[in-house]
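The structure appears below as structure tokens.
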Amino acid sequence: MKIGKDGKIYVARMNSPYLGVINEPNLQGTSCNYVSNGFFLDGKICKYGLNNYIEYQTYCTPTTSI
């Protein structure tokens, strides 16, 4: 699983031409609006998951030492 720049969570699905998408990750249960075939990979097949790189610059605020 990996969070995208749009705030949605993308879920790797083994041997699938789609990624699952959690559209509302801050909501519980079925309210999160998970779509199993949420993102088409344009003819490619998902195999081993998504990369582990996290784009901290996008989601975190820099801190400073006092």
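Order determines the names: the first chain of the structure tokens is A, the second B, and so forth; residues in each chain are numbered 1 upward, and ligands are numbered 1 upward as they are shown.
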
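Close contacts of A:Pro17, defined as residues with an atom at most 8 Å away when counting only C-alpha atoms, with chain neighbours fewer than 3 positions off set aside, comprise A:Phe40, A:Leu41, A:Asp42, A:Gly43, A:Lys44, A:Ile45, A:Cys46.
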
Long-range neighbours of A:Lys47 as a compact mmCIF listing (two decimals) with N, CA and C atoms, in the first residue's frame, 12 Å cut-off, only C-alpha atoms, 6 positions minimum in chain:
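Final output, part.txt:
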```txt
# COMPACT_ATOMS: atom_id res chain seq x y z
N VAL A 11 -3.44 0.28 -3.38
CA VAL A 11 -3.20 -1.07 -2.88
C VAL A 11 -2.76 -1.95 -4.03
N ALA A 12 -1.56 -2.54 -3.93
CA ALA A 12 -1.08 -3.47 -4.95
C ALA A 12 -1.91 -4.75 -4.90
N ARG A 13 -2.26 -5.26 -6.08
CA ARG A 13 -3.03 -6.49 -6.18
C ARG A 13 -2.28 -7.46 -7.09
N MET A 14 -1.78 -8.55 -6.54
CA MET A 14 -0.93 -9.51 -7.26
C MET A 14 -1.61 -10.00 -8.53
N ASN A 15 -0.87 -9.95 -9.64
CA ASN A 15 -1.32 -10.43 -10.95
C ASN A 15 -2.60 -9.75 -11.43
N SER A 16 -2.71 -8.47 -11.16
CA SER A 16 -3.90 -7.72 -11.56
C SER A 16 -3.51 -6.52 -12.41
N PRO A 17 -4.35 -6.18 -13.40
CA PRO A 17 -4.10 -4.96 -14.18
C PRO A 17 -4.64 -3.70 -13.49
N TYR A 18 -5.04 -3.84 -12.24
CA TYR A 18 -5.58 -2.72 -11.47
C TYR A 18 -4.92 -2.61 -10.10
N LEU A 19 -4.90 -1.40 -9.56
CA LEU A 19 -4.59 -1.17 -8.15
C LEU A 19 -5.90 -0.92 -7.45
N LEU A 41 -3.92 0.00 -14.81
CA LEU A 41 -2.49 0.12 -15.07
C LEU A 41 -2.14 0.16 -16.56
```

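Going from atom CA of A:Gly29 to atom CA of A:Gly49 covers 23.1 Å.
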
Excluding same-chain residues fewer than 6 positions from A:Gly38, what lies within 9 Å of it counting only C-alpha atoms, as an MDAnalysis selection string? chainID A and resid 10 18:23

Would you mind reading off the distance between atom CA of A:Lys5 and atom CA of A:Gln28, one decimal, in Å?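 One can read the atom CA of A:Lys5 to atom CA of A:Gln28 distance as 20.7 Å.
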